Amino acid sequence: MIDPRLTTLRVFARCGTVGATAELTGYSPSAVSAQLRELQRVLGMQLLTKDGRGVRLTATGRFLVAGSDKLITEWERLRAAALEAGDQVQSHFGLGGFSTAAAQLLAPLAAALRLSRPLLEVQVLEANPARCFDLLVAERIDLAVIVAMQSDTHVEEDPRFEQTTLLNDPLDVILPSDHRLAARETVTLEELATEPWITEAPGSTYHSLFTAAFTAVGVTPRIAHEAVEWETQIAFVGAGMGVGLLPRLAPLGSAENVTRLRISGQGQPTRRIVAAVRKGSIGSPLIKESLDILQARAKRILTERLKDDL
């Protein structure tokens with residue numbers, strides 16, 4: 001198995017401070033420092049050097065961390081193959097994902113795994129994409145569900161991770177049920193360009209997706225209100241304050257005076273939702289079963305959501 005002290009070093013390399021490393025790994029700051037000192041002693045290498053009040057990796061430390069990527073990948077492949085070949089099962093399985101994915105995908109997955117593997121302890125952590133990757137490196141979780149465009153880490157290019165697309169999640173228009181277009185089955189963005197829009201603040205990923213959709217059709221939307229949470233945006237629409245975009249994965253729930261319409265024509269905004277795992281681990285029986293469950297659940301949501309909401 002991989003020495004836990006090497007994992008701690010890799011987490012430190014990713015987040016840069018002892019405190020952040022402790023928070024991600026679950027160790028105390030003093031335990032993290034002790035592990036790093038002990039790893040230096042065992043290897044006979046100086047991996048860290050003073051940097052103001054903190055420490056940073058030396059060139060040797062950076063080289064060791066970079067070179068360990070292949071080692072971790074081979075270990076993950078070996079562990080996955082061993083679990084596939086034998087009759088043993090994992091005792092713990094960590095899942096992480098953004099809020100909508102945690103509610104709509106990971107919670108049902110955890111329930112399904114409890115039925116198929118009653119001895120398995122499943123832990124779900126709600127986290128943004130960047131933190132999900134940190135948790136994967138720290139081995140706190142084994143599978144993360146993220147919106148690909150929301151991550152600062154390009155998982156396709158990072159040698160530590162591999163991904164599987166779960167769904168391309170289209171965004172629908174939500175508008176007040178008494179709106180002049182509410183009886184339609186579909187609507188174009190051009191038809192709603194002059195409406196008061198509700199979206200996130202500039203600089204957010206969702207705002208960029210919103211802006212790109214209108215840029216594609218050559219119109220400039222009128223932004224009247226800003227909201228961070230989908231529930232807040234839905235409430236604003238229900239109050240007649242404007243219209244907005246809502247991912248198909250996100251339910252309307254018991255919202256009053258809100259109608260959901262598909263977007264037709266050009267500029268149909270879509271976000272790609274992927275499952276990310278440590279490279280080499282995708283052959284694990286538990287991860288393969290989880291991906292099958294997630295993909296089936298995502299497909300069912302896409303086919304049923306509009307039937308339920310429209």
# chains A, B, ... in the order shown; residues from 1 in each chain; ligands from 1

$ closest_atom_pairs --of "stretch 246-267 of chain A" --to "stretch 207-210 of chain A" --cutoff "12 Å" --atoms "only C-alpha atoms" --output "Markdown table"
| residue | atom | partner | partner_atom | distance |
| --- | --- | --- | --- | --- |
| A:Leu246 | CA | A:Phe210 | CA | 10.4 |
| A:Pro247 | CA | A:Leu209 | CA | 11.4 |
| A:Gly267 | CA | A:Phe210 | CA | 9.7 |

$ write_last_selection --atoms "C-alpha atoms" --output "PDB file, in the first residue's frame"
ATOM      1  CA  LEU A 246     -32.559  26.346 -14.360  1.00  0.00           C
ATOM      2  CA  PRO A 247     -30.567  23.141 -14.984  1.00  0.00           C
ATOM      3  CA  GLY A 267     -27.720  29.150 -27.878  1.00  0.00           C
TER       4      GLY A 267
END

$ residues_around --residues "A:Ala298" --least-positions-apart "6" --cutoff "12 Å" --atoms "only C-alpha atoms" --output "list in words"
Thr100, Ala101, Gln104, Leu105, Leu106, Pro108, Leu109, Val145, Thr165, Leu166, Leu167, Asn168, Asp169, Pro170, Arg248, Leu249, Ala250, Arg272, Ile273, Val274, Ala275, Leu291, Asp292, Glu304 and Arg305 of chain A

$ write_last_selection --atoms "N, CA and C atoms" --output "tab-separated table (two decimals), in the first residue's frame"
chain	number	residue	atom	x	y	z
A	100	THR	N	-26.49	20.24	-5.97
A	100	THR	CA	-27.55	19.58	-6.74
A	100	THR	C	-27.21	18.13	-7.00
A	101	ALA	N	-25.94	17.86	-7.31
A	101	ALA	CA	-25.52	16.48	-7.56
A	101	ALA	C	-25.63	15.65	-6.30
A	104	GLN	N	-29.48	15.03	-5.90
A	104	GLN	CA	-30.18	14.31	-6.97
A	104	GLN	C	-29.48	13.04	-7.43
A	105	LEU	N	-28.16	12.95	-7.24
A	105	LEU	CA	-27.42	11.79	-7.73
A	105	LEU	C	-26.75	10.99	-6.62
A	106	LEU	N	-26.05	11.66	-5.72
A	106	LEU	CA	-25.25	10.94	-4.74
A	106	LEU	C	-26.10	10.34	-3.61
A	108	PRO	N	-29.26	9.17	-3.83
A	108	PRO	CA	-29.82	7.91	-4.34
A	108	PRO	C	-28.76	6.83	-4.53
A	109	LEU	N	-27.55	7.22	-4.94
A	109	LEU	CA	-26.47	6.24	-5.08
A	109	LEU	C	-26.14	5.61	-3.74
A	145	VAL	N	-18.60	13.98	-8.16
A	145	VAL	CA	-19.46	14.41	-9.25
A	145	VAL	C	-19.36	15.93	-9.33
A	165	THR	N	-18.28	10.99	-18.29
A	165	THR	CA	-19.42	11.91	-18.42
A	165	THR	C	-20.68	11.21	-17.97
A	166	LEU	N	-21.41	11.84	-17.08
A	166	LEU	CA	-22.68	11.30	-16.59
A	166	LEU	C	-23.85	11.83	-17.40
A	167	LEU	N	-23.85	13.11	-17.66
A	167	LEU	CA	-24.92	13.70	-18.46
A	167	LEU	C	-24.52	15.09	-18.94
A	168	ASN	N	-25.08	15.48	-20.06
A	168	ASN	CA	-25.02	16.85	-20.51
A	168	ASN	C	-26.34	17.48	-20.06
A	169	ASP	N	-26.25	18.31	-19.04
A	169	ASP	CA	-27.42	18.82	-18.35
A	169	ASP	C	-27.91	20.12	-18.99
A	170	PRO	N	-29.00	20.08	-19.76
A	170	PRO	CA	-29.48	21.31	-20.40
A	170	PRO	C	-30.11	22.25	-19.40
A	248	ARG	N	-31.71	21.20	-15.87
A	248	ARG	CA	-32.70	20.12	-15.85
A	248	ARG	C	-32.55	19.25	-14.61
A	249	LEU	N	-31.32	19.13	-14.11
A	249	LEU	CA	-31.07	18.30	-12.94
A	249	LEU	C	-31.72	18.87	-11.68
A	250	ALA	N	-31.91	20.18	-11.64
A	250	ALA	CA	-32.48	20.84	-10.46
A	250	ALA	C	-34.00	20.81	-10.52
A	272	ARG	N	-21.83	20.24	-18.58
A	272	ARG	CA	-21.41	18.84	-18.60
A	272	ARG	C	-21.09	18.39	-17.18
A	273	ILE	N	-21.76	17.35	-16.75
A	273	ILE	CA	-21.57	16.81	-15.40
A	273	ILE	C	-20.80	15.50	-15.51
A	274	VAL	N	-19.70	15.41	-14.79
A	274	VAL	CA	-18.83	14.25	-14.89
A	274	VAL	C	-18.57	13.65	-13.51
A	275	ALA	N	-18.22	12.37	-13.53
A	275	ALA	CA	-17.72	11.69	-12.33
A	275	ALA	C	-16.21	11.60	-12.47
A	291	LEU	N	-20.83	4.04	-11.11
A	291	LEU	CA	-20.98	4.76	-12.38
A	291	LEU	C	-22.23	4.28	-13.13
A	292	ASP	N	-22.49	2.98	-13.10
A	292	ASP	CA	-23.69	2.46	-13.75
A	292	ASP	C	-24.95	3.04	-13.11
A	304	GLU	N	-37.57	12.29	-17.30
A	304	GLU	CA	-38.78	12.45	-16.50
A	304	GLU	C	-39.01	13.85	-15.98
A	305	ARG	N	-37.94	14.66	-15.86
A	305	ARG	CA	-38.09	15.94	-15.18
A	305	ARG	C	-39.08	16.86	-15.86

$ residues_around --residues "A:Ala34" --least-positions-apart "6" --cutoff "12 Å" --atoms "only C-alpha atoms" --output "ChimeraX atom specification"
/A:5,8-9,18,22,27-28,40-41

$ residues_around --residues "A:Pro202" --least-positions-apart "3" --cutoff "12 Å" --atoms "only C-alpha atoms" --output "ChimeraX atom specification"
/A:198-199,205-211,223,225-228

$ residues_around --residues "A:Arg262" --least-positions-apart "4" --cutoff "9 Å" --atoms "only C-alpha atoms" --output "JSON, numbers by chain"
{"A": [170, 171, 172, 173, 174, 185, 186, 187, 188, 306]}

$ write_last_selection --atoms "all heavy atoms" --output "PDB file, in the first residue's frame"
ATOM      1  N   PRO A 170     -29.003  20.082 -19.764  1.00  0.00           N
ATOM      2  CA  PRO A 170     -29.483  21.306 -20.405  1.00  0.00           C
ATOM      3  C   PRO A 170     -30.112  22.254 -19.398  1.00  0.00           C
ATOM      4  O   PRO A 170     -30.648  21.824 -18.370  1.00  0.00           O
ATOM      5  CB  PRO A 170     -30.521  20.790 -21.404  1.00  0.00           C
ATOM      6  CG  PRO A 170     -31.001  19.508 -20.817  1.00  0.00           C
ATOM      7  CD  PRO A 170     -29.841  18.917 -20.071  1.00  0.00           C
ATOM      8  N   LEU A 171     -30.021  23.525 -19.670  1.00  0.00           N
ATOM      9  CA  LEU A 171     -30.693  24.520 -18.844  1.00  0.00           C
ATOM     10  C   LEU A 171     -32.022  24.875 -19.495  1.00  0.00           C
ATOM     11  O   LEU A 171     -32.106  25.046 -20.721  1.00  0.00           O
ATOM     12  CB  LEU A 171     -29.837  25.777 -18.686  1.00  0.00           C
ATOM     13  CG  LEU A 171     -28.837  25.763 -17.515  1.00  0.00           C
ATOM     14  CD1 LEU A 171     -27.758  24.723 -17.748  1.00  0.00           C
ATOM     15  CD2 LEU A 171     -28.213  27.129 -17.309  1.00  0.00           C
ATOM     16  N   ASP A 172     -33.067  24.942 -18.686  1.00  0.00           N
ATOM     17  CA  ASP A 172     -34.400  25.322 -19.150  1.00  0.00           C
ATOM     18  C   ASP A 172     -34.700  26.747 -18.702  1.00  0.00           C
ATOM     19  O   ASP A 172     -34.041  27.285 -17.808  1.00  0.00           O
ATOM     20  CB  ASP A 172     -35.455  24.383 -18.565  1.00  0.00           C
ATOM     21  CG  ASP A 172     -35.208  22.929 -18.930  1.00  0.00           C
ATOM     22  OD1 ASP A 172     -34.899  22.659 -20.094  1.00  0.00           O
ATOM     23  OD2 ASP A 172     -35.321  22.061 -18.034  1.00  0.00           O
ATOM     24  N   VAL A 173     -35.706  27.341 -19.312  1.00  0.00           N
ATOM     25  CA  VAL A 173     -36.187  28.649 -18.879  1.00  0.00           C
ATOM     26  C   VAL A 173     -37.278  28.437 -17.837  1.00  0.00           C
ATOM     27  O   VAL A 173     -38.144  27.577 -17.987  1.00  0.00           O
ATOM     28  CB  VAL A 173     -36.756  29.443 -20.068  1.00  0.00           C
ATOM     29  CG1 VAL A 173     -37.498  30.682 -19.578  1.00  0.00           C
ATOM     30  CG2 VAL A 173     -35.636  29.865 -21.007  1.00  0.00           C
ATOM     31  N   ILE A 174     -37.210  29.202 -16.748  1.00  0.00           N
ATOM     32  CA  ILE A 174     -38.313  29.230 -15.786  1.00  0.00           C
ATOM     33  C   ILE A 174     -38.901  30.633 -15.793  1.00  0.00           C
ATOM     34  O   ILE A 174     -38.177  31.631 -15.820  1.00  0.00           O
ATOM     35  CB  ILE A 174     -37.866  28.825 -14.367  1.00  0.00           C
ATOM     36  CG1 ILE A 174     -36.650  29.635 -13.888  1.00  0.00           C
ATOM     37  CG2 ILE A 174     -37.562  27.334 -14.306  1.00  0.00           C
ATOM     38  CD1 ILE A 174     -36.287  29.378 -12.422  1.00  0.00           C
ATOM     39  N   GLU A 185     -44.606  25.104 -25.360  1.00  0.00           N
ATOM     40  CA  GLU A 185     -43.804  23.936 -25.011  1.00  0.00           C
ATOM     41  C   GLU A 185     -42.316  24.279 -25.013  1.00  0.00           C
ATOM     42  O   GLU A 185     -41.545  23.717 -24.242  1.00  0.00           O
ATOM     43  CB  GLU A 185     -44.075  22.791 -25.986  1.00  0.00           C
ATOM     44  CG  GLU A 185     -45.456  22.181 -25.837  1.00  0.00           C
ATOM     45  CD  GLU A 185     -45.603  20.927 -26.679  1.00  0.00           C
ATOM     46  OE1 GLU A 185     -44.612  20.540 -27.357  1.00  0.00           O
ATOM     47  OE2 GLU A 185     -46.687  20.337 -26.671  1.00  0.00           O
ATOM     48  N   THR A 186     -41.929  25.176 -25.915  1.00  0.00           N
ATOM     49  CA  THR A 186     -40.534  25.618 -25.990  1.00  0.00           C
ATOM     50  C   THR A 186     -40.504  27.120 -26.209  1.00  0.00           C
ATOM     51  O   THR A 186     -41.501  27.736 -26.590  1.00  0.00           O
ATOM     52  CB  THR A 186     -39.772  24.931 -27.136  1.00  0.00           C
ATOM     53  OG1 THR A 186     -40.323  25.349 -28.398  1.00  0.00           O
ATOM     54  CG2 THR A 186     -39.831  23.412 -27.024  1.00  0.00           C
ATOM     55  N   VAL A 187     -39.338  27.708 -25.969  1.00  0.00           N
ATOM     56  CA  VAL A 187     -39.153  29.138 -26.175  1.00  0.00           C
ATOM     57  C   VAL A 187     -37.706  29.377 -26.578  1.00  0.00           C
ATOM     58  O   VAL A 187     -36.815  28.591 -26.227  1.00  0.00           O
ATOM     59  CB  VAL A 187     -39.506  29.915 -24.877  1.00  0.00           C
ATOM     60  CG1 VAL A 187     -38.511  29.605 -23.775  1.00  0.00           C
ATOM     61  CG2 VAL A 187     -39.594  31.408 -25.127  1.00  0.00           C
ATOM     62  N   THR A 188     -37.459  30.423 -27.342  1.00  0.00           N
ATOM     63  CA  THR A 188     -36.092  30.772 -27.718  1.00  0.00           C
ATOM     64  C   THR A 188     -35.580  31.879 -26.813  1.00  0.00           C
ATOM     65  O   THR A 188     -36.364  32.642 -26.229  1.00  0.00           O
ATOM     66  CB  THR A 188     -36.004  31.251 -29.181  1.00  0.00           C
ATOM     67  OG1 THR A 188     -36.712  32.490 -29.316  1.00  0.00           O
ATOM     68  CG2 THR A 188     -36.594  30.214 -30.133  1.00  0.00           C
ATOM     69  N   LEU A 306     -38.952  17.004 -17.169  1.00  0.00           N
ATOM     70  CA  LEU A 306     -39.878  17.907 -17.853  1.00  0.00           C
ATOM     71  C   LEU A 306     -41.299  17.368 -17.809  1.00  0.00           C
ATOM     72  O   LEU A 306     -42.269  18.119 -17.735  1.00  0.00           O
ATOM     73  CB  LEU A 306     -39.433  18.115 -19.307  1.00  0.00           C
ATOM     74  CG  LEU A 306     -38.283  19.098 -19.485  1.00  0.00           C
ATOM     75  CD1 LEU A 306     -37.855  19.170 -20.936  1.00  0.00           C
ATOM     76  CD2 LEU A 306     -38.634  20.476 -18.979  1.00  0.00           C
TER      77      LEU A 306
END

$ select_by_dssp --residues "stretch 114-187 of chain A" --states "strand (DSSP E)" --output "ChimeraX atom specification"
/A:121-126,143-147,161-176,186-187

$ closest_residue --among "A:Leu189, A:Met1, A:Leu78, A:Leu286" --to "A:His92" --atoms "only C-alpha atoms"
A:Leu286

$ atom_distance --atom1 "atom CA of A:Ile146" --atom2 "atom CA of A:Cys15"
19.2 Å

$ closest_residue --among "A:Gly44, A:Gly203, A:Gly240, A:Pro269" --to "A:Thr215" --atoms "only C-alpha atoms"
A:Pro269

$ select_by_dssp --residues "stretch 22-261 of chain A" --states "alpha helix (DSSP H)" --output "PyMOL selection string"
chain A and resi 22-25+29-43+59-85+99-101+107-116+129-137+189-192+205-217+230-238

$ atom_distance --atom1 "atom CA of A:Leu47" --atom2 "atom CA of A:Glu76"
24.4 Å

$ residues_around --residues "A:Thr220" --least-positions-apart "6" --cutoff "9 Å" --atoms "only C-alpha atoms" --output "list in words"
Ala193, Thr194, Thr211 and Phe214 of chain A

$ write_last_selection --atoms "all heavy atoms" --output "mmCIF file, in the first residue's frame"
data_model
loop_
_atom_site.group_PDB
_atom_site.id
_atom_site.type_symbol
_atom_site.label_atom_id
_atom_site.label_comp_id
_atom_site.auth_asym_id
_atom_site.auth_seq_id
_atom_site.Cartn_x
_atom_site.Cartn_y
_atom_site.Cartn_z
ATOM 1 N N ALA A 193 -35.261 37.973 -24.571
ATOM 2 C CA ALA A 193 -34.098 38.847 -24.367
ATOM 3 C C ALA A 193 -34.454 40.126 -23.622
ATOM 4 O O ALA A 193 -33.649 40.652 -22.845
ATOM 5 C CB ALA A 193 -33.459 39.178 -25.709
ATOM 6 N N THR A 194 -35.649 40.665 -23.842
ATOM 7 C CA THR A 194 -36.006 41.935 -23.211
ATOM 8 C C THR A 194 -36.644 41.752 -21.830
ATOM 9 O O THR A 194 -36.968 42.745 -21.166
ATOM 10 C CB THR A 194 -36.990 42.713 -24.108
ATOM 11 O OG1 THR A 194 -38.169 41.918 -24.310
ATOM 12 C CG2 THR A 194 -36.343 43.026 -25.461
ATOM 13 N N THR A 211 -24.167 34.248 -19.955
ATOM 14 C CA THR A 211 -23.736 35.247 -20.936
ATOM 15 C C THR A 211 -23.390 34.599 -22.275
ATOM 16 O O THR A 211 -23.743 35.116 -23.347
ATOM 17 C CB THR A 211 -22.521 36.021 -20.400
ATOM 18 O OG1 THR A 211 -22.872 36.641 -19.152
ATOM 19 C CG2 THR A 211 -22.073 37.078 -21.393
ATOM 20 N N PHE A 214 -26.437 33.844 -24.523
ATOM 21 C CA PHE A 214 -27.004 34.987 -25.235
ATOM 22 C C PHE A 214 -26.047 35.535 -26.290
ATOM 23 O O PHE A 214 -26.477 36.033 -27.328
ATOM 24 C CB PHE A 214 -27.396 36.076 -24.226
ATOM 25 C CG PHE A 214 -28.692 35.798 -23.530
ATOM 26 C CD1 PHE A 214 -28.704 35.194 -22.281
ATOM 27 C CD2 PHE A 214 -29.895 36.108 -24.127
ATOM 28 C CE1 PHE A 214 -29.888 34.928 -21.632
ATOM 29 C CE2 PHE A 214 -31.098 35.848 -23.490
ATOM 30 C CZ PHE A 214 -31.101 35.241 -22.237
#

$ residues_around --residues "A:Arg14" --least-positions-apart "6" --cutoff "10 Å" --atoms "only C-alpha atoms" --output "number ranges by chain"
A: 8, 20-21, 65, 133-134, 137-138

$ closest_residue --among "A:Ala112, A:Cys132, A:Ala183, A:Ala127" --to "A:Phe98" --atoms "only C-alpha atoms"
A:Ala127

$ closest_residue --among "A:Ala81, A:Leu125, A:Ala212, A:Ala102" --to "A:Ile141" --atoms "only C-alpha atoms"
A:Leu125

$ atom_distance --atom1 "atom CA of A:Gly218" --atom2 "atom CA of A:Leu245"
17.6 Å

$ closest_residue --among "A:Asp142, A:Asp51, A:Asp3, A:Glu126" --to "A:Leu71" --atoms "only C-alpha atoms"
A:Asp3

$ decode --residues "stretch 267-285 of chain A" --atoms "N, CA and C atoms" --output "JSON list (two decimals), in the first residue's frame"
[["chain", "number", "residue", "atom", "x", "y", "z"],
["A", 267, "GLY", "N", -28.13, 28.70, -29.20],
["A", 267, "GLY", "CA", -27.72, 29.15, -27.88],
["A", 267, "GLY", "C", -28.25, 28.33, -26.74],
["A", 268, "GLN", "N", -28.61, 27.07, -26.99],
["A", 268, "GLN", "CA", -29.12, 26.24, -25.90],
["A", 268, "GLN", "C", -28.00, 25.94, -24.90],
["A", 269, "PRO", "N", -28.06, 26.51, -23.71],
["A", 269, "PRO", "CA", -26.97, 26.32, -22.74],
["A", 269, "PRO", "C", -27.02, 24.93, -22.10],
["A", 270, "THR", "N", -25.86, 24.32, -21.95],
["A", 270, "THR", "CA", -25.75, 22.99, -21.36],
["A", 270, "THR", "C", -24.51, 22.95, -20.49],
["A", 271, "ARG", "N", -24.60, 22.27, -19.36],
["A", 271, "ARG", "CA", -23.42, 22.07, -18.53],
["A", 271, "ARG", "C", -23.10, 20.57, -18.48],
["A", 272, "ARG", "N", -21.83, 20.24, -18.58],
["A", 272, "ARG", "CA", -21.41, 18.84, -18.60],
["A", 272, "ARG", "C", -21.09, 18.39, -17.18],
["A", 273, "ILE", "N", -21.76, 17.35, -16.75],
["A", 273, "ILE", "CA", -21.57, 16.81, -15.40],
["A", 273, "ILE", "C", -20.80, 15.50, -15.51],
["A", 274, "VAL", "N", -19.70, 15.41, -14.79],
["A", 274, "VAL", "CA", -18.83, 14.25, -14.89],
["A", 274, "VAL", "C", -18.57, 13.65, -13.51],
["A", 275, "ALA", "N", -18.22, 12.37, -13.53],
["A", 275, "ALA", "CA", -17.72, 11.69, -12.33],
["A", 275, "ALA", "C", -16.21, 11.60, -12.47],
["A", 276, "ALA", "N", -15.48, 12.04, -11.45],
["A", 276, "ALA", "CA", -14.03, 12.00, -11.46],
["A", 276, "ALA", "C", -13.54, 11.06, -10.37],
["A", 277, "VAL", "N", -12.51, 10.27, -10.71],
["A", 277, "VAL", "CA", -11.90, 9.34, -9.75],
["A", 277, "VAL", "C", -10.39, 9.45, -9.86],
["A", 278, "ARG", "N", -9.69, 8.91, -8.88],
["A", 278, "ARG", "CA", -8.23, 8.85, -9.00],
["A", 278, "ARG", "C", -7.87, 7.94, -10.16],
["A", 279, "LYS", "N", -6.89, 8.36, -10.95],
["A", 279, "LYS", "CA", -6.51, 7.58, -12.12],
["A", 279, "LYS", "C", -6.06, 6.19, -11.71],
["A", 280, "GLY", "N", -6.58, 5.20, -12.41],
["A", 280, "GLY", "CA", -6.26, 3.81, -12.11],
["A", 280, "GLY", "C", -7.33, 3.10, -11.32],
["A", 281, "SER", "N", -8.20, 3.87, -10.65],
["A", 281, "SER", "CA", -9.20, 3.24, -9.77],
["A", 281, "SER", "C", -10.50, 2.93, -10.47],
["A", 282, "ILE", "N", -10.64, 3.34, -11.73],
["A", 282, "ILE", "CA", -11.93, 3.21, -12.39],
["A", 282, "ILE", "C", -12.33, 1.76, -12.62],
["A", 283, "GLY", "N", -11.36, 0.83, -12.52],
["A", 283, "GLY", "CA", -11.67, -0.59, -12.65],
["A", 283, "GLY", "C", -12.18, -1.23, -11.39],
["A", 284, "SER", "N", -12.25, -0.49, -10.30],
["A", 284, "SER", "CA", -12.76, -1.02, -9.04],
["A", 284, "SER", "C", -14.22, -1.45, -9.20],
["A", 285, "PRO", "N", -14.60, -2.63, -8.70],
["A", 285, "PRO", "CA", -15.99, -3.08, -8.81],
["A", 285, "PRO", "C", -16.99, -2.07, -8.23]]
